[in-house]
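A short write-up of the structure that comes next.
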Amino acid sequence: MSEFLQFLFSGLTVGAVYALVALGFTIIYNASGVVNFAQGEFVMLGGMITVFAHAAGLPLPLAALAAIAATAAVGVALNKLAIEPARGAPVVSLIIITIGASIFIRGAAQLIFDKQIHSFPAFSGDDPIHVLGATILTQSLWAIGGAFAVFVGLWLFFTRTILGRAVLATSNNRLAAQLVGINTDFVMTLSFALSAAIGAFAGVLITPITMTSYDVGLGLALKGFAGAMLGGMGNPKGAFAGGLLLGLFEAMTAGYLSSQYKEAAAFVVILAVLFFMPQGLFGSKSTDRV
Amino acid sequence: MSLLQIERLGIAFGGLRAVHDVSFSVEPGEIVSVIGPNGAGKTTLFNMISGVYRPGSGKVRLKGEDVTGMEPFLLAARGMSRTFQNLQIFQNMTVLENAMAGFHLQERGPVLADLLNLPSSRKRTRMAEEGARALLARVGLERAADREAGNLSYGSLKRLEIARALAMNPAVLLLDEPAAGCNAVETEEIDHLIAEVAKSGVAILLVEHDMKMVMRISNHVVVLDHGEKIAEGPPEAVSRNPAVIAAYLGTEAADADR
């Protein structure tokens, strides 16, 4: 029992980060139909910038805020410099552009920061909490709580606000959105900023537990993508549930099978989803009118 | 000063002069139709006026203001709305939501008020919903309000697109082949709708293939052929114009008619 609980806690912690990455995917996907593979780099930037801002003397909360703001700016730059000039290009081309951007950001981070592994202190100390024979880090609670808060915020944003509905309208039919007076360029910029900020937030939450370095982004992007696919691309509920489930699946595989297979878990999930239910858990079947 | 003034508008795609040197104007409450054979440049002209294409030359003035090449979302805010020949509908939304989307500019408010579901936000949403329902009733779709738009018939979607365009309370409404693909009954319904909208003071610019419809409802007809304006005037005069008959039926027919 205590063993299971231990796996559960670690699964939820890492799942919370996957959920945040998946939510980041969801926002940009919702606005443009593009899967942004630079999403993992946003997580990396969030952790790395916090590390270096903290080392430079900023208090941790300020350093984290600065990292989130700076990463959001990187997201906006990505949209303005790489995505917007290619407007009208097929979605596949835009996705390839984001892969290129992720390689570029990784290389730049390697030059600007370094190739070492870094971390910073947990928010509320390093004393774990004991629950029924298992232990959970306070930082894990931060990660899970943070992911949940972002999820609720996004869900309200997309269902309640006109701006959120404008994002959905833009994804549904860009031309029609423009016709009713929606500034679709602004919607795109906002999506990239929001999604980058959420990625950076995930980086800030997880770095004290898993540590960070310039190259953590790719793995996170793939896991987050698997989570988003599992839940159903474009659905915030699906992204959140999919990310958490993937984390749990990974932790259980590592615990009960072998930690060697841990990394494979995500890819088994992607393949299974693609084979058996391409629309994911919460996704709706897509149909085209002819 | 006309409400909508088109001044020597032109555009070329590579060597092809799709539209060349076309001028005309539209007054409030007037129905102006642009006609011409297939490939005459009607839709291109429309796309330039509504900001989908940037014109190569010439000017578009709306209420006297130069709006040439302005993006569609900005034109929407200035009172120009349009529909498309190949529908631009939010397929995964309900009919009501599509109509409510037309109220986007009027319904906008602070994000925080929306998030907290403040009374001001609820009031704006209610305003949009009531407005949308009234418009759906006006175009005869009130009973389809909660159906997914993708499931509607073609004629109904055409009317839904007009309802959404009207939600913006436009001064000028551009309709691109509103009756294309509709049966006789649907065409007549759209006919009535257009006439009624014009009566309320909205200027209407129409591209249409259905000649009977054009002749019946237009005040003024502009004829394009090979991208150039070949005739302009009241429907009866235009329909007797030899150049127009030649463009539609070929020169031999025009000669035989003489």
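Numbering starts fresh at 1 for the residues of each chain in the structure tokens, the chains themselves are lettered A, B, ... in the order given, and ligands are numbered from 1 as they appear.
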#### Entry: Members of segment 44-289 of chain A assigned strand (DSSP E or B) by DSSP, as a ChimeraX atom specification
/A:118,129-131,134-136,212
#### Entry: chain A contacts on chain B, only C-alpha atoms, 8 Å, as number ranges by chain
B: 72-77, 81-82, 88-92, 101-105, 107-109, 111, 114-115, 117, 150, 164-165, 168
### Query
Within 12 Å of Phe52 of chain A, counting only C-alpha atoms, which residues qualify if same-chain residues fewer than 5 places away don't, as a PyMOL selection string?
chain A and resi 45-47+57-60+62-64+66-67+109+112-114+116-120+212-213
For the residues in the current selection, export C-alpha atoms as a JSON list (two decimals), in the first residue's frame.
```json
[["chain", "number", "residue", "atom", "x", "y", "z"],
["A", 45, "LEU", "CA", 13.76, 28.51, -20.06],
["A", 46, "GLY", "CA", 11.51, 28.92, -17.02],
["A", 47, "GLY", "CA", 13.84, 26.79, -14.90],
["A", 57, "GLY", "CA", 20.94, 37.96, -6.44],
["A", 58, "LEU", "CA", 17.19, 38.22, -7.11],
["A", 59, "PRO", "CA", 14.99, 36.68, -4.41],
["A", 60, "LEU", "CA", 13.43, 33.41, -5.60],
["A", 62, "LEU", "CA", 11.08, 37.62, -8.17],
["A", 63, "ALA", "CA", 13.47, 35.45, -10.14],
["A", 64, "ALA", "CA", 10.59, 33.10, -10.98],
["A", 66, "ALA", "CA", 11.17, 37.40, -14.20],
["A", 67, "ALA", "CA", 11.67, 33.97, -15.81],
["A", 109, "ALA", "CA", 20.44, 28.43, -24.05],
["A", 112, "ILE", "CA", 23.96, 31.96, -22.96],
["A", 113, "PHE", "CA", 23.79, 29.75, -19.86],
["A", 114, "ASP", "CA", 25.96, 26.63, -19.79],
["A", 116, "GLN", "CA", 25.65, 22.12, -16.37],
["A", 117, "ILE", "CA", 22.75, 20.69, -14.41],
["A", 118, "HIS", "CA", 21.16, 23.27, -12.12],
["A", 119, "SER", "CA", 18.58, 23.55, -9.41],
["A", 120, "PHE", "CA", 17.31, 26.00, -6.82],
["A", 212, "THR", "CA", 17.19, 21.40, -15.12],
["A", 213, "SER", "CA", 19.70, 21.90, -17.89]]
```
### Message
Please identify the helix (DSSP H, G or I) residues within segment 19-55 of chain A (assignment by DSSP from backbone atoms) and present them as a PyMOL selection string.
### Response
chain A and resi 19-32+39-55
Pull N, CA and C atoms from the residues just selected and write them as a tab-separated table (two decimals), in the first residue's frame.
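Now in out34.tsv:
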```tsv
chain	number	residue	atom	x	y	z
A	19	ALA	N	1.02	17.77	-17.57
A	19	ALA	CA	-0.28	18.41	-17.78
A	19	ALA	C	-0.08	19.87	-18.17
A	20	LEU	N	0.87	20.55	-17.50
A	20	LEU	CA	1.11	21.96	-17.84
A	20	LEU	C	1.66	22.09	-19.26
A	21	VAL	N	2.57	21.19	-19.63
A	21	VAL	CA	3.09	21.23	-21.00
A	21	VAL	C	1.95	20.98	-21.99
A	22	ALA	N	1.11	19.99	-21.66
A	22	ALA	CA	-0.01	19.66	-22.54
A	22	ALA	C	-0.98	20.84	-22.65
A	23	LEU	N	-1.20	21.55	-21.56
A	23	LEU	CA	-2.08	22.73	-21.60
A	23	LEU	C	-1.47	23.79	-22.52
A	24	GLY	N	-0.14	23.94	-22.45
A	24	GLY	CA	0.54	24.88	-23.34
A	24	GLY	C	0.30	24.52	-24.80
A	25	PHE	N	0.43	23.22	-25.10
A	25	PHE	CA	0.14	22.75	-26.47
A	25	PHE	C	-1.28	23.13	-26.86
A	26	THR	N	-2.20	22.89	-25.93
A	26	THR	CA	-3.62	23.09	-26.20
A	26	THR	C	-3.93	24.53	-26.62
A	27	ILE	N	-3.32	25.48	-25.93
A	27	ILE	CA	-3.65	26.88	-26.21
A	27	ILE	C	-3.26	27.25	-27.64
A	28	ILE	N	-2.01	26.94	-28.00
A	28	ILE	CA	-1.56	27.31	-29.35
A	28	ILE	C	-2.31	26.50	-30.40
A	29	TYR	N	-2.55	25.22	-30.08
A	29	TYR	CA	-3.30	24.39	-31.01
A	29	TYR	C	-4.70	24.97	-31.23
A	30	ASN	N	-5.32	25.41	-30.15
A	30	ASN	CA	-6.66	25.96	-30.24
A	30	ASN	C	-6.70	27.22	-31.09
A	31	ALA	N	-5.64	28.02	-31.03
A	31	ALA	CA	-5.67	29.27	-31.77
A	31	ALA	C	-5.31	29.06	-33.23
A	32	SER	N	-4.49	28.04	-33.53
A	32	SER	CA	-3.92	28.01	-34.87
A	32	SER	C	-3.88	26.63	-35.52
A	39	GLN	N	7.42	23.94	-27.14
A	39	GLN	CA	6.78	24.04	-25.82
A	39	GLN	C	7.72	23.58	-24.69
A	40	GLY	N	8.47	22.51	-24.93
A	40	GLY	CA	9.39	21.99	-23.91
A	40	GLY	C	10.50	23.00	-23.60
A	41	GLU	N	10.91	23.77	-24.62
A	41	GLU	CA	11.97	24.77	-24.39
A	41	GLU	C	11.48	25.86	-23.45
A	42	PHE	N	10.17	26.14	-23.50
A	42	PHE	CA	9.62	27.14	-22.58
A	42	PHE	C	9.81	26.67	-21.13
A	43	VAL	N	9.60	25.37	-20.91
A	43	VAL	CA	9.77	24.81	-19.56
A	43	VAL	C	11.24	24.94	-19.14
A	44	MET	N	12.12	24.60	-20.07
A	44	MET	CA	13.56	24.71	-19.80
A	44	MET	C	13.91	26.16	-19.47
A	45	LEU	N	13.43	27.10	-20.29
A	45	LEU	CA	13.76	28.51	-20.06
A	45	LEU	C	13.25	28.97	-18.70
A	46	GLY	N	12.06	28.54	-18.33
A	46	GLY	CA	11.51	28.92	-17.02
A	46	GLY	C	12.45	28.51	-15.90
A	47	GLY	N	12.93	27.26	-15.95
A	47	GLY	CA	13.84	26.79	-14.90
A	47	GLY	C	15.19	27.48	-14.97
A	48	MET	N	15.77	27.53	-16.16
A	48	MET	CA	17.13	28.07	-16.31
A	48	MET	C	17.19	29.56	-15.96
A	49	ILE	N	16.24	30.34	-16.45
A	49	ILE	CA	16.30	31.77	-16.18
A	49	ILE	C	16.13	32.02	-14.67
A	50	THR	N	15.26	31.23	-14.04
A	50	THR	CA	15.09	31.39	-12.59
A	50	THR	C	16.41	31.09	-11.89
A	51	VAL	N	17.08	30.00	-12.29
A	51	VAL	CA	18.36	29.63	-11.67
A	51	VAL	C	19.34	30.79	-11.76
A	52	PHE	N	19.47	31.34	-12.97
A	52	PHE	CA	20.50	32.36	-13.15
A	52	PHE	C	20.10	33.70	-12.54
A	53	ALA	N	18.81	34.03	-12.59
A	53	ALA	CA	18.37	35.27	-11.95
A	53	ALA	C	18.54	35.16	-10.44
A	54	HIS	N	18.28	33.99	-9.89
A	54	HIS	CA	18.44	33.76	-8.46
A	54	HIS	C	19.91	33.85	-8.08
A	55	ALA	N	20.76	33.24	-8.90
A	55	ALA	CA	22.20	33.28	-8.64
A	55	ALA	C	22.72	34.71	-8.73
```
Please provide the set of residues having any atom within 12 Å of Ser50 of chain B, restricted to only C-alpha atoms, with same-chain residues fewer than 6 positions apart removed, written as an mmCIF file with N, CA and C atoms, in the first residue's frame.
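Final output, selection_13.cif:
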```
data_model
loop_
_atom_site.group_PDB
_atom_site.id
_atom_site.type_symbol
_atom_site.label_atom_id
_atom_site.label_comp_id
_atom_site.auth_asym_id
_atom_site.auth_seq_id
_atom_site.Cartn_x
_atom_site.Cartn_y
_atom_site.Cartn_z
ATOM 1 N N LEU A 175 -10.985 33.216 -41.106
ATOM 2 C CA LEU A 175 -11.590 34.271 -41.918
ATOM 3 C C LEU A 175 -12.898 34.750 -41.294
ATOM 4 N N GLN A 178 -12.227 36.969 -38.407
ATOM 5 C CA GLN A 178 -11.895 38.339 -38.816
ATOM 6 C C GLN A 178 -13.145 39.104 -39.215
ATOM 7 N N LEU A 179 -14.064 38.403 -39.864
ATOM 8 C CA LEU A 179 -15.285 39.070 -40.345
ATOM 9 C C LEU A 179 -16.120 39.605 -39.206
ATOM 10 N N LEU B 4 -20.287 54.267 -49.616
ATOM 11 C CA LEU B 4 -19.155 53.429 -50.054
ATOM 12 C C LEU B 4 -18.760 53.877 -51.439
ATOM 13 N N ILE B 6 -15.973 53.379 -54.531
ATOM 14 C CA ILE B 6 -14.902 52.590 -55.121
ATOM 15 C C ILE B 6 -14.277 53.447 -56.207
ATOM 16 N N THR B 43 -15.686 38.398 -57.680
ATOM 17 C CA THR B 43 -15.285 38.020 -56.326
ATOM 18 C C THR B 43 -13.963 38.685 -55.941
ATOM 19 N N THR B 44 -13.070 38.825 -56.929
ATOM 20 C CA THR B 44 -11.802 39.528 -56.668
ATOM 21 C C THR B 44 -12.076 40.961 -56.230
ATOM 22 N N LYS B 59 -8.714 53.284 -54.794
ATOM 23 C CA LYS B 59 -9.073 53.546 -53.399
ATOM 24 C C LYS B 59 -10.464 53.023 -53.060
ATOM 25 N N VAL B 60 -10.639 52.635 -51.795
ATOM 26 C CA VAL B 60 -11.954 52.319 -51.268
ATOM 27 C C VAL B 60 -12.233 53.326 -50.166
ATOM 28 N N ARG B 61 -13.366 54.042 -50.272
ATOM 29 C CA ARG B 61 -13.719 54.982 -49.210
ATOM 30 C C ARG B 61 -15.018 54.553 -48.555
ATOM 31 N N LEU B 62 -14.981 54.501 -47.222
ATOM 32 C CA LEU B 62 -16.172 54.155 -46.454
ATOM 33 C C LEU B 62 -16.521 55.366 -45.610
ATOM 34 N N VAL B 67 -10.210 53.531 -46.621
ATOM 35 C CA VAL B 67 -10.040 52.254 -45.914
ATOM 36 C C VAL B 67 -9.380 51.223 -46.822
ATOM 37 N N THR B 68 -8.681 51.690 -47.869
ATOM 38 C CA THR B 68 -8.096 50.774 -48.856
ATOM 39 C C THR B 68 -7.171 49.752 -48.193
ATOM 40 N N GLY B 69 -7.426 48.488 -48.428
ATOM 41 C CA GLY B 69 -6.535 47.432 -47.945
ATOM 42 C C GLY B 69 -6.564 47.212 -46.442
ATOM 43 N N MET B 70 -7.512 47.822 -45.757
ATOM 44 C CA MET B 70 -7.596 47.647 -44.309
ATOM 45 C C MET B 70 -8.051 46.223 -43.993
ATOM 46 N N GLU B 71 -7.528 45.646 -42.910
ATOM 47 C CA GLU B 71 -7.853 44.248 -42.612
ATOM 48 C C GLU B 71 -9.332 44.073 -42.246
ATOM 49 N N PRO B 72 -9.882 42.899 -42.569
ATOM 50 C CA PRO B 72 -11.319 42.681 -42.363
ATOM 51 C C PRO B 72 -11.800 42.970 -40.935
ATOM 52 N N PHE B 73 -10.983 42.638 -39.915
ATOM 53 C CA PHE B 73 -11.482 42.843 -38.554
ATOM 54 C C PHE B 73 -11.615 44.327 -38.228
ATOM 55 N N LEU B 74 -10.778 45.165 -38.870
ATOM 56 C CA LEU B 74 -10.891 46.605 -38.653
ATOM 57 C C LEU B 74 -12.079 47.164 -39.429
ATOM 58 N N LEU B 75 -12.309 46.642 -40.645
ATOM 59 C CA LEU B 75 -13.455 47.084 -41.445
ATOM 60 C C LEU B 75 -14.751 46.730 -40.725
ATOM 61 N N ALA B 76 -14.761 45.566 -40.062
ATOM 62 C CA ALA B 76 -15.954 45.154 -39.328
ATOM 63 C C ALA B 76 -16.303 46.207 -38.296
ATOM 64 N N ARG B 78 -15.695 49.283 -38.465
ATOM 65 C CA ARG B 78 -16.106 50.526 -39.112
ATOM 66 C C ARG B 78 -17.432 50.401 -39.851
ATOM 67 N N GLY B 79 -18.049 49.233 -39.786
ATOM 68 C CA GLY B 79 -19.390 49.118 -40.341
ATOM 69 C C GLY B 79 -19.477 48.439 -41.688
ATOM 70 N N MET B 80 -18.453 47.659 -42.055
ATOM 71 C CA MET B 80 -18.590 46.885 -43.284
ATOM 72 C C MET B 80 -18.579 45.405 -42.918
ATOM 73 N N SER B 81 -19.622 44.687 -43.309
ATOM 74 C CA SER B 81 -19.533 43.246 -43.088
ATOM 75 C C SER B 81 -19.904 42.530 -44.372
ATOM 76 N N ARG B 82 -19.534 41.254 -44.450
ATOM 77 C CA ARG B 82 -19.732 40.564 -45.711
ATOM 78 C C ARG B 82 -20.026 39.086 -45.477
ATOM 79 N N THR B 83 -20.530 38.455 -46.525
ATOM 80 C CA THR B 83 -20.681 37.002 -46.525
ATOM 81 C C THR B 83 -19.871 36.473 -47.700
ATOM 82 N N PHE B 84 -19.662 35.160 -47.703
ATOM 83 C CA PHE B 84 -18.818 34.560 -48.720
ATOM 84 C C PHE B 84 -19.605 33.606 -49.605
ATOM 85 N N VAL B 172 -22.692 49.011 -44.393
ATOM 86 C CA VAL B 172 -22.595 48.399 -45.721
ATOM 87 C C VAL B 172 -22.533 46.890 -45.564
ATOM 88 N N LEU B 173 -23.314 46.189 -46.357
ATOM 89 C CA LEU B 173 -23.301 44.728 -46.302
ATOM 90 C C LEU B 173 -22.925 44.205 -47.682
ATOM 91 N N LEU B 174 -21.851 43.412 -47.732
ATOM 92 C CA LEU B 174 -21.425 42.821 -48.998
ATOM 93 C C LEU B 174 -21.876 41.367 -49.039
ATOM 94 N N LEU B 175 -22.662 41.019 -50.047
ATOM 95 C CA LEU B 175 -23.163 39.652 -50.146
ATOM 96 C C LEU B 175 -22.609 39.002 -51.404
ATOM 97 N N ASP B 176 -21.827 37.941 -51.215
ATOM 98 C CA ASP B 176 -21.237 37.257 -52.362
ATOM 99 C C ASP B 176 -22.090 36.047 -52.721
ATOM 100 N N LEU B 205 -24.248 45.686 -51.283
ATOM 101 C CA LEU B 205 -23.508 45.421 -52.511
ATOM 102 C C LEU B 205 -23.555 43.915 -52.726
#
```
### Near-Asp146 of chain B list (7 Å; only C-alpha atoms; drop same-chain fewer than 6 positions) as a PyMOL selection string
chain B and resi 94-96
Please list as a compact mmCIF listing (two decimals) with C-alpha atoms, in the first residue's frame every residue within 12 Å of Phe104 of chain A, counting only C-alpha atoms and excluding residues in the same chain fewer than 5 positions away.
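The resulting out-v2.txt:
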```
# COMPACT_ATOMS: atom_id res chain seq x y z
CA PHE A 37 7.19 21.59 -30.43
CA ALA A 38 9.12 24.44 -28.81
CA GLU A 41 11.97 24.77 -24.39
CA VAL A 74 10.33 34.59 -26.11
CA LEU A 78 8.64 33.12 -31.75
CA ALA A 82 8.85 32.75 -37.18
CA ILE A 97 9.12 25.76 -38.02
CA THR A 98 8.44 25.17 -34.31
CA ILE A 99 10.80 22.18 -34.34
CA ALA A 109 20.44 28.43 -24.05
CA GLN A 110 23.59 26.32 -24.24
CA LEU A 111 25.58 29.40 -25.26
CA TYR A 214 19.64 23.33 -21.39
CA ASP A 215 18.45 20.06 -22.94
CA GLY A 217 12.98 20.58 -23.21
```
### Message
Under the rule that only C-alpha atoms are counted, which of A:Met1, A:Leu230, A:Ala202, A:Val167 is the nearest residue to Val187 of chain A?
### Response
A:Val167
### Message
List as a ChimeraX atom specification the protein and nucleic acid residues near segment 255-266 of chain A, meaning an atom at most 12 Å away when only C-alpha atoms are counted, but skip any in the same chain fewer than 4 places from it.
### Response
/A:3-11,15,18,219-230,242-251,270-273
